[in-house]
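Read the structure below first, then the notes.
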Amino acid sequence: MSQKQDALMAMLNQYETKSNGYQNTEKKNVDLNNYFTTYLPDKVNSANKRVRILPTSDGSTPFVEVYGHRIQVEGEWKTFACLQKEKNQPCPFCEAHDVLHSSGSESDKEFAKKYKARPMYIVKVIDRDNEDHGPKFWRFMHDYRKQGILDKIYGVLQAIKQNITDTNTGRDLLVMVARDQNRKPVVQSIAPLDPSPLSDDSAKISEWVADNRTWEDVYSLKSYDYLEIIVKGGVPVWDKDLKKFVDKNAAQSKPVVNDNMEAEIALGIPNVKPNLVVAQPTVTSAPMVPVTSDDEDEDGDLPF
């Protein structure tokens with residue numbers, strides 16, 4: 001079987017299988033040119049975006065499966081890589097899930113869903129509207145309803161039976177984005193364009209394909225202490241004096257110089273800490289909203 005067919009089969013097999021999981025606390029330099037998103041600016045109700053999925057060097061599927069936790073922080077959805085599933089390290093989100101799920105209370109079991117690690121995919125693409133940015137990383141959630149972005153791309157693969165990542169005969173994808181009834185940008189459809197070379201410039205093709213960065217190079221993995229603050233309902237900020245992350249709300253009780261604080265938010269079973277207390281929703285503060293099925297198909301939050 002040719003590598004072209006290998007890549008096609010790898011993508012199809014990955015989808016079928018899914019349908020029938022080093023810690024770095026230093027701040028990464030966030031370059032927005034590294035990310036492709038379906039974000040729509042204010043007052044823009046729809047847009048067509050064109051991307052080309054880059055091939056892998058070994059003909060494997062380009063869709064890298066990653067597990068993460070989705071939660072609202074100060075009213076905005078944020079995604080954190082799961083330390084348990086990605087690094088086999090203790091994860092505060094997973095610990096909170098286990099504590100709540102094992103309490104025996106039905107309400108706790110329901111609330112535990114908020115802390116469950118959820119699969120998502122990261123794929124490397126060329127944004128045709130911004131080719132000078134080079135390869136970008138596109139992250140989107142797995143959708144258990146089979147209505148998500150991967151499902152739409154799989155529909156394309158099933159229809160054309162071709163390897164869309166081939167550098168000579170692959171296809172660009174037209175991603176049609178529009179706001180739903182809640183004014184949230186969602187990918188409504190994905191359509192294949194005619195077969196075409198990845199680029200007319202052979203040097204550019206070589207440069208793009210040779211890019212060996214992985215998702216861990218552009219999405220920060222947060223430490224246990226950082227994520228524990230999130231789980232407890234806080235907002236992590238870096239305290240230079242203490243040389244550690246602290247809860248912003250607690251830090252406000254002492255004089256703070258802006259240069260000393262960093263509030264970066266990025267992508268981050270037993271062994272439960274005895275004092276781990278998870279945040280519970282209250283009427284006096286902004287609730288940390290559980291992820292629902294409506295939140296699983298898109299991932300519009302930025303990587304910080």
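Going through the structure tokens in order, the chains are called A, B, and so on, while each chain numbers its residues from 1 and the ligands are numbered from 1 in the order shown.
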
Report as CSV: every residue of stretch 178-205 of chain A with an atom at most 12 Å from stretch 210-226 of chain A, its closest pair of atoms, and their distance in Å to one decimal, counting only C-alpha atoms, with rows sorted by chain and ascending residue number.
residue,atom,partner,partner_atom,distance
A:Ala203,CA,A:Ala210,CA,10.5
A:Lys204,CA,A:Ala210,CA,9.8
A:Ile205,CA,A:Ala210,CA,8.4

Can those selected residues be exported to a file as a PDB file, in the first residue's frame so that it contains N, CA and C atoms?
ATOM      1  N   ALA A 203      10.389  24.808  -2.416  1.00  0.00           N
ATOM      2  CA  ALA A 203      11.131  25.120  -1.192  1.00  0.00           C
ATOM      3  C   ALA A 203      10.167  25.351  -0.034  1.00  0.00           C
ATOM      4  N   LYS A 204       9.042  25.988  -0.316  1.00  0.00           N
ATOM      5  CA  LYS A 204       8.053  26.245   0.732  1.00  0.00           C
ATOM      6  C   LYS A 204       7.417  24.938   1.196  1.00  0.00           C
ATOM      7  N   ILE A 205       7.151  24.034   0.254  1.00  0.00           N
ATOM      8  CA  ILE A 205       6.600  22.729   0.622  1.00  0.00           C
ATOM      9  C   ILE A 205       7.552  22.014   1.571  1.00  0.00           C
TER      10      ILE A 205
END

**OP:** Quick one: everything within 8 Å of stretch 90-92 of chain A, counting only C-alpha atoms, minus sequence neighbours fewer than 2 positions away in the same chain. Send it as a ChimeraX atom specification.
**Re:** /A:82-84,88,94-96,224,227-228,231,271

Export, as a compact mmCIF listing (two decimals), in the first residue's frame, the selected residues with C-alpha atoms.
# COMPACT_ATOMS: atom_id res chain seq x y z
CA CYS A 82 -4.87 16.68 31.48
CA LEU A 83 -1.74 15.83 33.44
CA GLN A 84 -3.07 12.35 34.25
CA ASN A 88 0.73 10.09 33.82
CA CYS A 94 -9.19 14.19 37.73
CA GLU A 95 -8.87 14.10 41.52
CA ALA A 96 -11.87 16.43 41.88
CA TYR A 224 -0.34 20.66 39.47
CA LEU A 227 -4.37 23.70 38.00
CA GLU A 228 -5.28 23.20 41.65
CA VAL A 231 -10.16 23.63 40.45
CA ASN A 271 -3.79 9.98 45.01

**OP:** For atom CA of A:Arg145 and atom CA of A:Arg50, quote the distance in Å rounded to one decimal.
**Re:** 24.8 Å

**OP:** Could you check how far atom CA of A:Lys146 sits from atom CA of A:His101, in Å to one decimal?
**Re:**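 Computed distance, atom CA of A:Lys146 to atom CA of A:His101, equals 26.2 Å.
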
**OP:** Write out as a VMD selection string which residues come within 7 Å of stretch 97-99 of chain A when counting only C-alpha atoms, dropping same-chain ones fewer than 6 positions away.
**Re:** chain A and resid 112 to 113 115 to 116

Take the residues from that selection and put them in a file with N, CA and C atoms, as an mmCIF file, in the first residue's frame.
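Saved result, out.cif, follows:
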data_model
loop_
_atom_site.group_PDB
_atom_site.id
_atom_site.type_symbol
_atom_site.label_atom_id
_atom_site.label_comp_id
_atom_site.auth_asym_id
_atom_site.auth_seq_id
_atom_site.Cartn_x
_atom_site.Cartn_y
_atom_site.Cartn_z
ATOM 1 N N ALA A 112 -19.587 16.247 38.968
ATOM 2 C CA ALA A 112 -18.269 15.695 38.644
ATOM 3 C C ALA A 112 -17.981 15.741 37.154
ATOM 4 N N LYS A 113 -19.028 15.739 36.339
ATOM 5 C CA LYS A 113 -18.835 15.760 34.886
ATOM 6 C C LYS A 113 -18.046 16.980 34.447
ATOM 7 N N TYR A 115 -15.464 18.147 35.658
ATOM 8 C CA TYR A 115 -14.020 17.953 35.813
ATOM 9 C C TYR A 115 -13.488 16.783 34.979
ATOM 10 N N LYS A 116 -14.322 16.165 34.190
ATOM 11 C CA LYS A 116 -13.915 15.001 33.403
ATOM 12 C C LYS A 116 -12.990 15.402 32.261
#

Original post:
Mind checking DSSP for stretch 89-284 of chain A and telling me the strand (DSSP E) residues as JSON, numbers by chain?
Top reply: {"A": [118, 119, 120, 121, 122, 123, 124, 125, 126, 127, 135, 136, 137, 138, 139, 140, 141, 171, 172, 173, 174, 175, 176, 177, 178, 179, 185, 186, 187, 188, 189, 190, 191, 192, 193, 194, 195, 236, 237, 238, 239, 244, 245, 246, 247]}

Original post:
In Å, how far is it from atom CA of A:Ala7 to atom CA of A:Ser202?
Top reply: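 Straight-line distance from atom CA of A:Ala7 to atom CA of A:Ser202 works out to 21.0 Å.
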
Subject >> A:Asp132 environment, 12 Å, only C-alpha atoms, sequence neighbours closer than 6 positions dropped, as a PyMOL selection string >> reply: chain A and resi 33-34+126+204+207-208

Please dump the current selection as a PDB file, in the first residue's frame; keep N, CA and C atoms.
ATOM      1  N   ASN A  33       0.204  33.670  15.668  1.00  0.00           N
ATOM      2  CA  ASN A  33       0.368  33.135  14.322  1.00  0.00           C
ATOM      3  C   ASN A  33       0.501  31.610  14.331  1.00  0.00           C
ATOM      4  N   ASN A  34       0.701  31.028  15.513  1.00  0.00           N
ATOM      5  CA  ASN A  34       0.836  29.574  15.613  1.00  0.00           C
ATOM      6  C   ASN A  34      -0.501  28.853  15.625  1.00  0.00           C
ATOM      7  N   ILE A 126      -2.067  24.669   7.057  1.00  0.00           N
ATOM      8  CA  ILE A 126      -1.680  25.936   6.443  1.00  0.00           C
ATOM      9  C   ILE A 126      -2.944  26.769   6.271  1.00  0.00           C
ATOM     10  N   LYS A 204       9.042  25.988  -0.316  1.00  0.00           N
ATOM     11  CA  LYS A 204       8.053  26.245   0.732  1.00  0.00           C
ATOM     12  C   LYS A 204       7.417  24.938   1.196  1.00  0.00           C
ATOM     13  N   GLU A 207       9.813  23.260   3.486  1.00  0.00           N
ATOM     14  CA  GLU A 207       9.870  23.955   4.771  1.00  0.00           C
ATOM     15  C   GLU A 207       8.668  23.614   5.629  1.00  0.00           C
ATOM     16  N   TRP A 208       7.486  23.640   5.035  1.00  0.00           N
ATOM     17  CA  TRP A 208       6.270  23.361   5.798  1.00  0.00           C
ATOM     18  C   TRP A 208       6.238  21.916   6.300  1.00  0.00           C
TER      19      TRP A 208
END

Can you tell me, as a PDB file with C-alpha atoms, in the first residue's frame, which residues in stretch 82-285 of chain A count as alpha helix (DSSP H) by DSSP?
ATOM      1  CA  LEU A  83      -1.742  15.828  33.440  1.00  0.00           C
ATOM      2  CA  GLN A  84      -3.073  12.355  34.250  1.00  0.00           C
ATOM      3  CA  LYS A  85      -3.763  11.251  30.695  1.00  0.00           C
ATOM      4  CA  GLU A  86      -0.988  13.142  28.915  1.00  0.00           C
ATOM      5  CA  LYS A  87       1.881  12.798  31.404  1.00  0.00           C
ATOM      6  CA  PRO A  92      -6.329  18.162  40.227  1.00  0.00           C
ATOM      7  CA  PHE A  93      -9.215  17.997  37.747  1.00  0.00           C
ATOM      8  CA  CYS A  94      -9.194  14.195  37.734  1.00  0.00           C
ATOM      9  CA  GLU A  95      -8.872  14.099  41.524  1.00  0.00           C
ATOM     10  CA  ALA A  96     -11.868  16.426  41.882  1.00  0.00           C
ATOM     11  CA  HIS A  97     -13.829  14.229  39.481  1.00  0.00           C
ATOM     12  CA  ASP A  98     -13.040  11.092  41.479  1.00  0.00           C
ATOM     13  CA  VAL A  99     -13.862  12.704  44.836  1.00  0.00           C
ATOM     14  CA  LEU A 100     -17.240  13.932  43.644  1.00  0.00           C
ATOM     15  CA  HIS A 101     -18.116  10.798  41.693  1.00  0.00           C
ATOM     16  CA  GLU A 106     -26.304  11.942  42.626  1.00  0.00           C
ATOM     17  CA  SER A 107     -25.852  15.713  42.555  1.00  0.00           C
ATOM     18  CA  ASP A 108     -22.114  15.281  43.145  1.00  0.00           C
ATOM     19  CA  LYS A 109     -21.919  12.736  40.332  1.00  0.00           C
ATOM     20  CA  GLU A 110     -23.589  15.207  38.005  1.00  0.00           C
ATOM     21  CA  PHE A 111     -21.286  18.001  39.126  1.00  0.00           C
ATOM     22  CA  ALA A 112     -18.269  15.695  38.644  1.00  0.00           C
ATOM     23  CA  ILE A 149     -15.301  19.212  13.092  1.00  0.00           C
ATOM     24  CA  LEU A 150     -13.628  15.796  12.834  1.00  0.00           C
ATOM     25  CA  ASP A 151     -16.963  14.269  11.810  1.00  0.00           C
ATOM     26  CA  LYS A 152     -17.304  16.824   9.025  1.00  0.00           C
ATOM     27  CA  ILE A 153     -13.759  16.157   7.798  1.00  0.00           C
ATOM     28  CA  TYR A 154     -14.423  12.416   7.949  1.00  0.00           C
ATOM     29  CA  GLY A 155     -17.490  12.994   5.767  1.00  0.00           C
ATOM     30  CA  VAL A 156     -15.197  14.579   3.187  1.00  0.00           C
ATOM     31  CA  LEU A 157     -12.825  11.583   3.315  1.00  0.00           C
ATOM     32  CA  GLN A 158     -15.684   9.156   2.888  1.00  0.00           C
ATOM     33  CA  ALA A 159     -17.055  11.096  -0.074  1.00  0.00           C
ATOM     34  CA  ILE A 160     -13.867  11.578  -2.103  1.00  0.00           C
ATOM     35  CA  SER A 202       8.903  23.453  -3.797  1.00  0.00           C
ATOM     36  CA  ALA A 203      11.131  25.120  -1.192  1.00  0.00           C
ATOM     37  CA  LYS A 204       8.053  26.245   0.732  1.00  0.00           C
ATOM     38  CA  ILE A 205       6.600  22.729   0.622  1.00  0.00           C
ATOM     39  CA  SER A 206       9.829  21.323   2.038  1.00  0.00           C
ATOM     40  CA  GLU A 207       9.870  23.955   4.771  1.00  0.00           C
ATOM     41  CA  TRP A 208       6.270  23.361   5.798  1.00  0.00           C
ATOM     42  CA  VAL A 209       6.497  19.564   5.774  1.00  0.00           C
ATOM     43  CA  ALA A 210       9.800  19.620   7.682  1.00  0.00           C
ATOM     44  CA  TYR A 224      -0.338  20.659  39.471  1.00  0.00           C
ATOM     45  CA  ASP A 225      -0.273  23.749  41.728  1.00  0.00           C
ATOM     46  CA  TYR A 226      -1.446  25.983  38.878  1.00  0.00           C
ATOM     47  CA  LEU A 227      -4.366  23.698  38.003  1.00  0.00           C
ATOM     48  CA  GLU A 228      -5.285  23.200  41.655  1.00  0.00           C
ATOM     49  CA  ILE A 229      -6.016  26.923  41.942  1.00  0.00           C
ATOM     50  CA  ILE A 230      -8.360  26.647  38.942  1.00  0.00           C
ATOM     51  CA  VAL A 231     -10.157  23.630  40.445  1.00  0.00           C
ATOM     52  CA  LYS A 248      -5.386  36.335  42.204  1.00  0.00           C
ATOM     53  CA  ASN A 249      -8.202  36.957  44.675  1.00  0.00           C
ATOM     54  CA  ALA A 250      -5.921  36.150  47.600  1.00  0.00           C
ATOM     55  CA  ALA A 251      -3.105  38.218  46.100  1.00  0.00           C
TER      56      ALA A 251
END
